[in-house]
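Novice: One structure follows; several queries about it will come next.
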Amino acid sequence: MEATRNQLSSLNCELKIMRAKNLDFIAPGKLFVRYYLVAGNGQKIRLSSREIQSSCEPHWNESISLECGGAPDTVAELRRQKVVFELRWRTSPLLGRIVRSTLLGRAEVSWKDVLESDDMSMVRWVTLSTKNCSPVGLKPPALQLDMRVRIPAEAPKVKRRVGSSAKWKECGCRDGSCNGRDEELFAIVAAVDVF
């Protein structure tokens, strides 16, 4: 499997933010997860989950899927990348004003951990590092994440011999336009996995 992974030039990376726990200290407001993905040339993409009402165990079940492709060393590059997750909280807006969010905790997860697992997937609780955000004596907040890497599958090459125009019923061209030539048909099927 390792040899196959190193020869790929395209991958589908899936990321699902499932839920959070250990948030007993949170005041009423909204919770969301902000995460940063590394794009080409060291640029970062900032994404945010939807905002939900704060509770001690909020659920998002929100996922994204990204296609990583281009260079033959895609897997090697992905292996060096990390996703940064931030759990954020904000109070309800006052008089229509946008209220800045407060960082509750932060964690980094390496794609290397996902790639080195048996099925290139990982469902894990990630403990967030906090800087004086949670009261002393309480467990730090944690996020449950589901990260996967999928390899787009290609169907094998299919060769079909096409008969002469007199045998159009056998070849299937229906109008006799095949003229007795040999033709190759290729089928490429992309595997789409929904999790």
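Residues are referred to by chain and number: the chain letter is A, B, ... according to the order shown in the structure tokens, the number counts from 1 in that chain, and ligands are numbered separately from 1 in the order shown.
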Would you tabulate, counting only C-alpha atoms, all residues of region 86-161 of chain A that have an atom at most 10 Å from an atom of region 38-62 of chain A, showing the closest pair of atoms and their distance in Å to one decimal, sorted by chain then ascending number, as JSON lines?
Specialist:
```
{"residue": "A:Glu86", "atom": "CA", "partner": "A:Ser48", "partner_atom": "CA", "distance": 9.2}
{"residue": "A:Leu87", "atom": "CA", "partner": "A:Ser48", "partner_atom": "CA", "distance": 9.8}
{"residue": "A:Arg88", "atom": "CA", "partner": "A:Glu51", "partner_atom": "CA", "distance": 9.4}
{"residue": "A:Trp89", "atom": "CA", "partner": "A:Ser54", "partner_atom": "CA", "distance": 7.9}
{"residue": "A:Arg90", "atom": "CA", "partner": "A:Ser54", "partner_atom": "CA", "distance": 9.1}
{"residue": "A:Thr91", "atom": "CA", "partner": "A:Ser54", "partner_atom": "CA", "distance": 9.5}
{"residue": "A:Ser92", "atom": "CA", "partner": "A:Gln53", "partner_atom": "CA", "distance": 9.6}
{"residue": "A:Pro141", "atom": "CA", "partner": "A:Cys56", "partner_atom": "CA", "distance": 9.6}
{"residue": "A:Ala142", "atom": "CA", "partner": "A:Glu57", "partner_atom": "CA", "distance": 9.8}
{"residue": "A:Leu143", "atom": "CA", "partner": "A:Pro58", "partner_atom": "CA", "distance": 9.8}
{"residue": "A:Gln144", "atom": "CA", "partner": "A:His59", "partner_atom": "CA", "distance": 9.5}
{"residue": "A:Leu145", "atom": "CA", "partner": "A:Asn61", "partner_atom": "CA", "distance": 9.3}
{"residue": "A:Asp146", "atom": "CA", "partner": "A:Asn61", "partner_atom": "CA", "distance": 9.6}
```
Novice: Region 126-129 of chain A: which residues within 12 Å, counting only C-alpha atoms, same-chain residues fewer than 3 positions away excluded, as a PyMOL selection string?
Specialist: chain A and resi 17-23+33+83-88+103-110+122-123+132-134+139-147
Novice: Do you have the CA of Val75 (chain A)-CA of Lys112 (chain A) distance handy?
Specialist: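 Taking CA of Val75 (chain A) and CA of Lys112 (chain A), their separation equals 9.2 Å.
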Novice: Provide the CA of Phe32 (chain A) to CA of Thr102 (chain A) distance in Å, to one decimal place.
Specialist: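 Spanning CA of Phe32 (chain A) to CA of Thr102 (chain A) is a straight-line distance of 10.3 Å.
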